[in-house]
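Next up, model-v8.cif (mmCIF, C-alpha atoms and all ligand atoms):
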```cif
data_my_file
loop_
_atom_site.label_atom_id
_atom_site.label_comp_id
_atom_site.auth_asym_id
_atom_site.auth_seq_id
_atom_site.Cartn_x
_atom_site.Cartn_y
_atom_site.Cartn_z
CA MET L 1 22.39 -13.90 4.16
CA ALA L 2 20.74 -12.62 0.99
CA ARG L 3 20.41 -8.88 0.81
CA ILE L 4 16.95 -7.41 0.40
CA ARG L 5 16.33 -5.28 -2.67
CA LEU L 6 14.66 -1.98 -1.93
CA ILE L 7 11.64 -1.52 -4.20
CA GLU L 8 10.52 2.07 -4.83
CA PRO L 9 7.70 2.15 -7.38
CA VAL L 10 7.26 5.13 -9.66
CA THR L 11 3.89 6.05 -11.21
CA PRO L 12 3.10 8.83 -13.67
CA ARG L 13 2.60 11.37 -10.85
CA LEU L 14 4.07 9.78 -7.74
CA VAL L 15 7.02 8.00 -6.25
CA LEU L 16 6.60 5.47 -3.45
CA ARG L 17 9.83 5.49 -1.50
CA GLN L 18 11.62 4.80 1.75
CA TRP L 19 10.87 7.35 4.48
CA ARG L 20 13.10 10.37 5.14
CA ASP L 21 13.47 12.41 8.30
CA THR L 22 12.12 15.39 6.37
CA ASP L 23 8.75 13.57 6.05
CA ARG L 24 8.23 13.54 9.81
CA GLU L 25 6.78 17.00 10.24
CA GLN L 26 4.20 16.64 7.46
CA PHE L 27 3.33 13.14 8.60
CA ALA L 28 2.77 14.36 12.16
CA ALA L 29 0.52 17.11 10.82
CA LEU L 30 -1.70 14.71 8.89
CA ASN L 31 -1.81 12.29 11.82
CA ALA L 32 -2.93 15.16 14.05
CA ASP L 33 -5.72 16.16 11.64
CA PRO L 34 -9.04 14.97 13.13
CA VAL L 35 -10.59 14.73 9.65
CA VAL L 36 -7.83 12.43 8.34
CA MET L 37 -8.08 10.39 11.55
CA GLU L 38 -11.88 10.32 11.73
CA HIS L 39 -11.99 6.55 11.29
CA PHE L 40 -9.19 5.77 13.73
CA PRO L 41 -9.47 5.66 17.51
CA ALA L 42 -7.68 9.03 17.91
CA PRO L 43 -5.29 11.43 16.16
CA LEU L 44 -1.62 10.71 16.86
CA THR L 45 0.74 12.79 18.92
CA ARG L 46 4.07 13.84 17.41
CA ALA L 47 5.82 11.08 19.37
CA GLU L 48 3.34 8.44 18.17
CA SER L 49 3.66 9.66 14.60
CA ASP L 50 7.48 9.56 14.76
CA ALA L 51 7.36 6.07 16.27
CA MET L 52 5.21 5.00 13.34
CA VAL L 53 7.77 6.40 10.86
CA ASP L 54 10.45 4.39 12.69
CA ARG L 55 8.41 1.18 12.39
CA LEU L 56 7.52 1.70 8.73
CA THR L 57 11.14 2.55 7.85
CA ALA L 58 12.38 -0.58 9.59
CA ARG L 59 9.88 -2.80 7.75
CA ILE L 60 10.95 -1.41 4.36
CA ASP L 61 14.60 -1.87 5.32
CA ALA L 62 13.88 -5.47 6.31
CA ASP L 63 11.57 -6.50 3.46
CA GLY L 64 12.36 -4.12 0.58
CA TYR L 65 8.74 -2.96 0.50
CA GLY L 66 6.04 -1.87 2.93
CA LEU L 67 3.92 1.18 3.63
CA TRP L 68 5.94 3.60 1.52
CA ALA L 69 6.14 7.37 1.88
CA VAL L 70 4.37 8.88 -1.14
CA GLU L 71 5.87 11.90 -2.87
CA VAL L 72 4.43 13.94 -5.75
CA ARG L 73 7.02 13.82 -8.51
CA ASP L 74 6.41 17.34 -9.84
CA THR L 75 6.57 19.16 -6.52
CA HIS L 76 8.53 16.66 -4.35
CA GLU L 77 5.81 17.14 -1.77
CA PHE L 78 5.31 14.33 0.78
CA ILE L 79 1.59 13.48 0.94
CA GLY L 80 1.28 10.39 3.15
CA PHE L 81 1.67 6.64 2.85
CA VAL L 82 0.41 3.84 0.63
CA GLY L 83 1.64 0.29 0.46
CA LEU L 84 1.72 -3.24 1.70
CA ALA L 85 1.82 -4.61 5.22
CA ARG L 86 1.36 -7.84 7.10
CA PRO L 87 -1.10 -7.51 9.97
CA THR L 88 0.10 -8.50 13.41
CA PHE L 89 -3.33 -9.42 14.76
CA GLU L 90 -4.93 -12.83 14.35
CA THR L 91 -8.27 -13.37 12.72
CA ALA L 92 -9.94 -15.67 10.18
CA PHE L 93 -8.03 -14.23 7.19
CA THR L 94 -4.54 -13.85 8.69
CA PRO L 95 -1.69 -14.31 7.93
CA CYS L 96 -2.07 -12.26 4.76
CA THR L 97 -0.74 -9.18 2.98
CA GLU L 98 -2.76 -6.03 3.33
CA ILE L 99 -2.82 -2.89 1.18
CA GLY L 100 -3.40 0.42 2.97
CA TRP L 101 -3.29 4.20 2.56
CA ARG L 102 -3.41 7.47 4.50
CA LEU L 103 -3.01 10.80 2.76
CA ALA L 104 -3.01 14.43 3.88
CA ARG L 105 -6.36 16.12 3.27
CA ALA L 106 -4.92 18.46 0.62
CA ALA L 107 -4.00 15.40 -1.45
CA TRP L 108 -7.50 13.90 -1.51
CA GLY L 109 -9.76 13.98 -4.56
CA GLN L 110 -6.96 13.72 -7.14
CA GLY L 111 -6.73 9.96 -7.60
CA PHE L 112 -3.38 9.78 -5.78
CA ALA L 113 -4.37 6.98 -3.40
CA THR L 114 -5.65 4.78 -6.21
CA GLU L 115 -2.65 5.50 -8.43
CA ALA L 116 -0.17 4.66 -5.66
CA ALA L 117 -2.13 1.60 -4.57
CA SER L 118 -2.19 0.28 -8.14
CA ALA L 119 1.59 0.43 -8.11
CA ALA L 120 1.68 -1.39 -4.78
CA LEU L 121 -0.52 -4.13 -6.22
CA ASP L 122 1.80 -4.42 -9.19
CA VAL L 123 4.65 -5.04 -6.76
CA ALA L 124 2.57 -7.57 -4.82
CA PHE L 125 1.63 -9.56 -7.89
CA GLY L 126 4.91 -8.98 -9.72
CA PRO L 127 8.18 -9.33 -7.80
CA LEU L 128 6.59 -10.50 -4.57
CA GLY L 129 4.64 -13.21 -6.36
CA LEU L 130 1.61 -12.98 -4.08
CA ASP L 131 -1.66 -14.62 -5.07
CA GLU L 132 -3.95 -12.34 -3.12
CA VAL L 133 -3.96 -8.97 -1.35
CA LEU L 134 -6.59 -7.91 1.19
CA SER L 135 -7.78 -4.58 2.49
CA TRP L 136 -10.12 -3.71 5.30
CA THR L 137 -11.56 -0.66 6.90
CA PHE L 138 -14.26 0.52 9.26
CA MET L 139 -17.58 -0.03 7.54
CA GLY L 140 -18.32 3.72 7.60
CA ASN L 141 -15.05 4.71 5.90
CA LEU L 142 -16.60 5.26 2.50
CA ALA L 143 -13.58 7.05 1.00
CA SER L 144 -11.34 4.08 1.75
CA ARG L 145 -13.94 1.60 0.50
CA ALA L 146 -14.17 3.61 -2.73
CA VAL L 147 -10.41 3.24 -3.26
CA MET L 148 -10.76 -0.53 -2.82
CA GLU L 149 -13.54 -0.58 -5.40
CA ARG L 150 -11.60 1.60 -7.85
CA LEU L 151 -8.75 -0.90 -7.59
CA GLY L 152 -11.09 -3.72 -8.61
CA MET L 153 -11.13 -5.28 -5.14
CA THR L 154 -14.29 -7.17 -4.24
CA ARG L 155 -16.18 -7.57 -0.98
CA ASP L 156 -18.18 -10.56 0.23
CA PRO L 157 -20.39 -9.35 3.10
CA ALA L 158 -19.87 -12.78 4.66
CA ASP L 159 -16.24 -11.65 5.30
CA ASP L 160 -17.29 -8.59 7.34
CA PHE L 161 -15.68 -8.80 10.79
CA ASP L 162 -15.23 -7.14 14.16
CA HIS L 163 -11.69 -5.80 14.45
CA PRO L 164 -9.97 -7.88 17.15
CA ARG L 165 -7.99 -4.86 18.42
CA LEU L 166 -11.14 -2.86 19.20
CA PRO L 167 -13.35 -3.51 22.22
CA GLU L 168 -16.97 -4.57 22.00
CA GLY L 169 -19.22 -1.55 21.54
CA ASP L 170 -16.48 0.57 19.90
CA ARG L 171 -17.96 2.74 17.12
CA LEU L 172 -15.23 1.61 14.70
CA ARG L 173 -15.36 -2.12 15.41
CA ARG L 174 -17.31 -3.40 12.39
CA HIS L 175 -15.05 -3.76 9.35
CA VAL L 176 -15.48 -4.70 5.71
CA LEU L 177 -12.93 -6.90 3.96
CA HIS L 178 -12.01 -6.55 0.29
CA ARG L 179 -9.87 -8.96 -1.71
CA ILE L 180 -8.07 -8.97 -5.03
CA ARG L 181 -6.24 -11.80 -6.76
CA GLY L 182 -3.30 -11.23 -9.09
CA ALA L 183 -4.83 -12.50 -12.29
CA MET L 184 -8.36 -11.29 -11.68
CA PRO L 185 -9.96 -9.77 -14.76
CA SER L 186 -11.60 -7.18 -12.50
CA ARG L 187 -8.24 -5.57 -11.87
CA PRO L 188 -8.02 -2.21 -13.65
CA PRO L 189 -5.06 -1.50 -15.93
CA THR L 190 -2.32 0.23 -14.07
CA SER L 191 0.67 -0.25 -15.75
CA SER L 192 2.82 2.63 -16.33
CA VAL L 193 4.41 1.65 -13.07
CA GLU L 194 8.13 1.18 -13.07
CA VAL L 195 9.94 -0.39 -10.18
CA TYR L 196 13.41 0.78 -9.41
CA PRO L 197 15.23 -1.13 -6.74
CA ARG L 198 18.49 0.56 -5.84
CA ARG L 199 21.04 -1.64 -7.48
CA LEU L 200 18.94 -3.83 -9.72
CA ALA L 201 16.65 -2.03 -12.09
CA LEU L 202 13.43 -3.90 -12.65
CA GLY L 203 10.83 -2.71 -15.05
CA TYR L 204 7.85 -4.35 -16.56
CA THR L 205 5.22 -3.97 -19.13
CA SER L 206 1.79 -5.47 -18.93
CA THR L 207 0.83 -7.65 -21.83
CA GLY L 208 -2.31 -9.48 -22.72
CA LYS L 209 -5.86 -8.36 -22.40
CA CYS L 210 -8.79 -10.01 -20.82
CA GLY L 211 -12.23 -10.09 -22.37
CA SER L 212 -14.22 -6.99 -23.07
CA GLN L 213 -12.83 -5.07 -20.12
CA GLY L 214 -9.35 -5.12 -21.56
CA TRP L 215 -7.60 -5.31 -18.20
CA PRO L 216 -4.05 -6.59 -18.29
CA VAL L 217 -3.89 -10.19 -17.23
CA SER L 218 -0.25 -10.98 -17.40
CA THR L 219 2.87 -9.17 -16.53
CA ARG L 220 6.14 -9.59 -18.32
CA TRP L 221 9.15 -8.75 -16.24
CA LEU L 222 12.21 -7.26 -17.81
CA ARG L 223 15.28 -7.64 -15.72
CA LEU L 224 18.04 -5.18 -16.27
CA LEU L 225 20.91 -6.46 -14.25
CA GLY L 226 22.80 -3.80 -12.39
CA ASP L 227 26.11 -4.00 -10.64
CA GLU L 228 25.67 -7.57 -9.54
CA ASP L 229 23.90 -10.71 -10.56
CA ARG L 230 20.63 -11.71 -9.04
CA ARG L 231 20.97 -14.57 -6.62
CA ALA L 232 18.42 -17.16 -5.63
CA GLY L 233 16.64 -16.07 -2.49
CA ASP L 234 17.53 -12.46 -3.09
CA GLU L 235 13.93 -11.28 -3.45
CA PRO L 236 12.06 -9.36 -0.79
CA ALA L 237 10.35 -11.84 1.50
CA PRO L 238 6.69 -12.07 0.49
CA GLN L 239 5.21 -13.27 3.78
CA ARG L 240 6.21 -14.63 7.12
C1 LIG L 301 -8.89 6.96 1.94
C2 LIG L 301 -8.22 8.09 1.20
C3 LIG L 301 -6.75 7.78 0.95
C4 LIG L 301 -8.95 8.26 -0.16
O1 LIG L 301 -8.42 9.37 -0.86
P1 LIG L 301 -9.13 9.86 -2.20
O2 LIG L 301 -8.40 11.03 -2.67
O3 LIG L 301 -10.60 10.00 -1.99
O4 LIG L 301 -8.95 8.61 -3.17
P2 LIG L 301 -8.36 8.53 -4.63
O5 LIG L 301 -6.93 8.84 -4.65
O6 LIG L 301 -8.76 7.23 -5.19
O7 LIG L 301 -9.07 9.71 -5.39
C5 LIG L 301 -10.36 9.55 -5.89
C6 LIG L 301 -11.01 10.89 -6.01
O8 LIG L 301 -10.17 11.72 -6.82
C7 LIG L 301 -10.92 12.15 -7.97
N1 LIG L 301 -9.92 12.29 -9.05
C8 LIG L 301 -9.46 13.48 -9.49
N2 LIG L 301 -8.52 13.27 -10.41
C9 LIG L 301 -8.39 11.93 -10.55
C10 LIG L 301 -7.57 11.13 -11.37
N3 LIG L 301 -6.67 11.64 -12.22
N4 LIG L 301 -7.66 9.78 -11.24
C11 LIG L 301 -8.54 9.23 -10.38
N5 LIG L 301 -9.37 9.97 -9.60
C12 LIG L 301 -9.28 11.31 -9.69
C13 LIG L 301 -12.00 11.11 -8.14
O9 LIG L 301 -13.10 11.61 -8.85
C14 LIG L 301 -12.34 10.84 -6.69
O10 LIG L 301 -13.10 11.90 -6.16
P3 LIG L 301 -14.49 11.65 -5.40
O11 LIG L 301 -14.14 10.83 -4.18
O12 LIG L 301 -14.95 13.02 -5.08
O13 LIG L 301 -15.34 10.90 -6.35
C15 LIG L 301 -8.31 9.41 1.99
O14 LIG L 301 -9.67 9.70 2.19
C16 LIG L 301 -7.62 9.32 3.34
O15 LIG L 301 -6.41 9.44 3.43
N6 LIG L 301 -8.41 9.13 4.42
C17 LIG L 301 -7.90 9.12 5.78
C18 LIG L 301 -7.09 7.90 6.11
C19 LIG L 301 -7.89 6.63 5.98
O16 LIG L 301 -9.05 6.58 6.38
N7 LIG L 301 -7.22 5.60 5.47
C20 LIG L 301 -7.82 4.31 5.29
C21 LIG L 301 -7.85 3.56 6.55
S1 LIG L 301 -8.42 1.90 6.30
#
```
Rewrite the coordinates I just gave you, this time as structure tokens.
Amino acid sequence: MARIRLIEPVTPRLVLRQWRDTDREQFAALNADPVVMEHFPAPLTRAESDAMVDRLTARIDADGYGLWAVEVRDTHEFIGFVGLARPTFETAFTPCTEIGWRLARAAWGQGFATEAASAALDVAFGPLGLDEVLSWTFMGNLASRAVMERLGMTRDPADDFDHPRLPEGDRLRRHVLHRIRGAMPSRPPTSSVEVYPRRLALGYTSTGKCGSQGWPVSTRWLRLLGDEDRRAGDEPAPQR
């Protein structure tokens, strides 16, 4: 069976990487913060937070990407997660790939979520070859909606939906849906992102500009072969 390449994007200020046991305490603290968890049904207990780390770690092991742990490069501080996921619930727009984020309060207001999410989109539209990435949140989660907008994602109010995992009458049930396509001119330039899988170094530069906005519209991949040749089918699985 083909081995999955681990993708760990690097941005100017951040690294998106596989989870470590040392992240657990900080992650539990942010999951227990009622302000961070305001738009979720409830804060998480330590056990629930640890179980989430286990699930996210397993997904990245299996697929090579996922909801990565985010670390500040200068300080090596763990600040939360950003990345890609495939929802397990069924609704009009599934199956699909979702982009999501959750950062500790001290890391808000510095552009970290948007910077990390831009890197995740570069992975989605680069090595994963996806056409479209979606994001959704409770209608009242304005901070999360602002990240979607900063990324160039667009919302059609006709796509608004009631989250199927939440019961009728739940305060968080009504959600907005944002979309972005790989070659959309609305996508802001991101591209100092470098992607470093473990054994096969992949880097890319964005080339080409689109119209007056000047957003990158094409991505040129540079493959720097490492200790083994790339084999067909050796990419992370985009979707199941
Ligand atoms: C959603 C969430 C990640 C957004 O974090 P955020 O810090 O507001 O988002 P960004 O990283 O895009 O940062 C943008 C802010 O940083 C500021 N900023 C400072 N330096 C910046 C820089 N170099 N680049 C970009 N923005 C910068 C912007 O002005 C903006 O501030 P403003 O909101 O006061 O206008 C955060 O609120 C969170 O973790 N919430 C709880 C979890 C959650 O709800 N997740 C989503 C569930 S669907």
Surrounding residues of L:Gln110 excluding itself and chain neighbours under 5 positions, 12 Å, all atoms listed in the file, as an MDAnalysis selection string: chainID L and resid 13:14 72 79 103:105 115:116 147
At most 6 Å from ligand LIG 301 (chain L) (only C-alpha atoms and all ligand atoms): residue list as a PyMOL selection string: chain L and resi 36-37+39+101-103+108-114+136-137+143-144+147
Expected file: the selected residues, C-alpha atoms, as a short mmCIF file (atom, residue, chain, number, x, y, z; two decimals), in the coordinates of the input:
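Okay, part_2.cif is ready:
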```cif
data_model
loop_
_atom_site.label_atom_id
_atom_site.label_comp_id
_atom_site.auth_asym_id
_atom_site.auth_seq_id
_atom_site.Cartn_x
_atom_site.Cartn_y
_atom_site.Cartn_z
CA VAL L 36 -7.83 12.43 8.34
CA MET L 37 -8.08 10.39 11.55
CA HIS L 39 -11.99 6.55 11.29
CA TRP L 101 -3.29 4.20 2.56
CA ARG L 102 -3.41 7.47 4.50
CA LEU L 103 -3.01 10.80 2.76
CA TRP L 108 -7.50 13.90 -1.51
CA GLY L 109 -9.76 13.98 -4.56
CA GLN L 110 -6.96 13.72 -7.14
CA GLY L 111 -6.73 9.96 -7.60
CA PHE L 112 -3.38 9.78 -5.78
CA ALA L 113 -4.37 6.98 -3.40
CA THR L 114 -5.65 4.78 -6.21
CA TRP L 136 -10.12 -3.71 5.30
CA THR L 137 -11.56 -0.66 6.90
CA ALA L 143 -13.58 7.05 1.00
CA SER L 144 -11.34 4.08 1.75
CA VAL L 147 -10.41 3.24 -3.26
#
```
Just how far from atom CA of L:Leu151 is atom CA of L:Val15, in Å to one decimal?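 Spanning atom CA of L:Val15 to atom CA of L:Leu151 is a straight-line distance of 18.2 Å.
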Report as a Markdown table: every residue of stretch 5-28 of chain L with an atom at most 7 Å from stretch 44-68 of chain L, its closest pair of atoms, and their distance in Å to one decimal, counting all atoms listed in the file, with rows sorted by chain and ascending residue number.
```
| residue | atom | partner | partner_atom | distance |
| --- | --- | --- | --- | --- |
| L:Arg5 | CA | L:Gly64 | CA | 5.3 |
| L:Leu6 | CA | L:Gly64 | CA | 4.0 |
| L:Ile7 | CA | L:Gly64 | CA | 5.5 |
| L:Leu16 | CA | L:Trp68 | CA | 5.4 |
| L:Arg17 | CA | L:Trp68 | CA | 5.3 |
| L:Gln18 | CA | L:Trp68 | CA | 5.8 |
| L:Trp19 | CA | L:Thr57 | CA | 5.9 |
| L:Arg24 | CA | L:Asp50 | CA | 6.4 |
| L:Phe27 | CA | L:Ser49 | CA | 6.9 |
| L:Ala28 | CA | L:Ser49 | CA | 5.4 |
```
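Within the 10 Å cut-off around L:Phe161, using all atoms listed in the file and omitting residues fewer than 4 positions from it on the same chain, the listed residues are Thr91, Ala92, Trp136, Thr137, Phe138, Met139, Pro157, Arg173, Arg174, His175, Val176 and Leu177 of chain L.
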Interatomic distance, atom CA of L:Glu8 to atom CA of L:Arg145 (Å, one decimal):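 Those two atoms sit 25.0 Å apart.
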Between atom CA of L:Pro9 and atom CA of L:Glu25 - distance in Å to one decimal: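 Answer for the atom CA of L:Glu25 to atom CA of L:Pro9 separation: 23.1 Å.
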Out of L:Glu38, L:Glu132, L:Asp23, L:Glu98, which residue has the shortest atom-to-atom distance to L:Phe81 when counting only C-alpha atoms?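 Closest to L:Phe81 of all the choices is L:Asp23.
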Closest of L:Arg181, L:Arg165, L:Arg20, L:Arg150 to L:Asp122 - atom-to-atom distances counting only C-alpha atoms: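 The answer is L:Arg181, which sits nearest to L:Asp122.
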Cut-off 8 Å around (4.9, -5.2, -1.2) with all atoms listed in the file: residues as a list in words: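 Neighbouring residues, ordered by chain and number, come to Gly64, Tyr65, Gly66, Gly83, Leu84, Ala85, Ala120, Leu121, Val123, Ala124, Leu128 and Pro238 of chain L.
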With 8 Å on each side, where is the centre of the axis-aligned box around all listed atoms of stretch 64-67 of chain L, and how long are its edges in Å to one decimal, as lines of an AutoDock Vina configuration file?
```
center_x = 8.1
center_y = -1.5
center_z = 2.1
size_x = 24.4
size_y = 21.3
size_z = 19.1
```
Counting only C-alpha atoms, figure out which residue out of L:Thr75, L:Pro41, L:Leu130, L:Ser135 gets nearest to L:Asp170.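 Once distances to L:Asp170 are computed over only C-alpha atoms, the minimum belongs to L:Pro41.
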My list of candidates is L:Arg73, L:Glu90, L:Ala146, L:Asp160. Which is closest to L:Thr11 when distances are computed with all atoms listed in the file? L:Arg73
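With distances taken over all atoms listed in the file, L:Leu30 is the one residue among L:Ala42, L:Met153, L:Ala119, L:Leu30 lying closest to L:Phe78.
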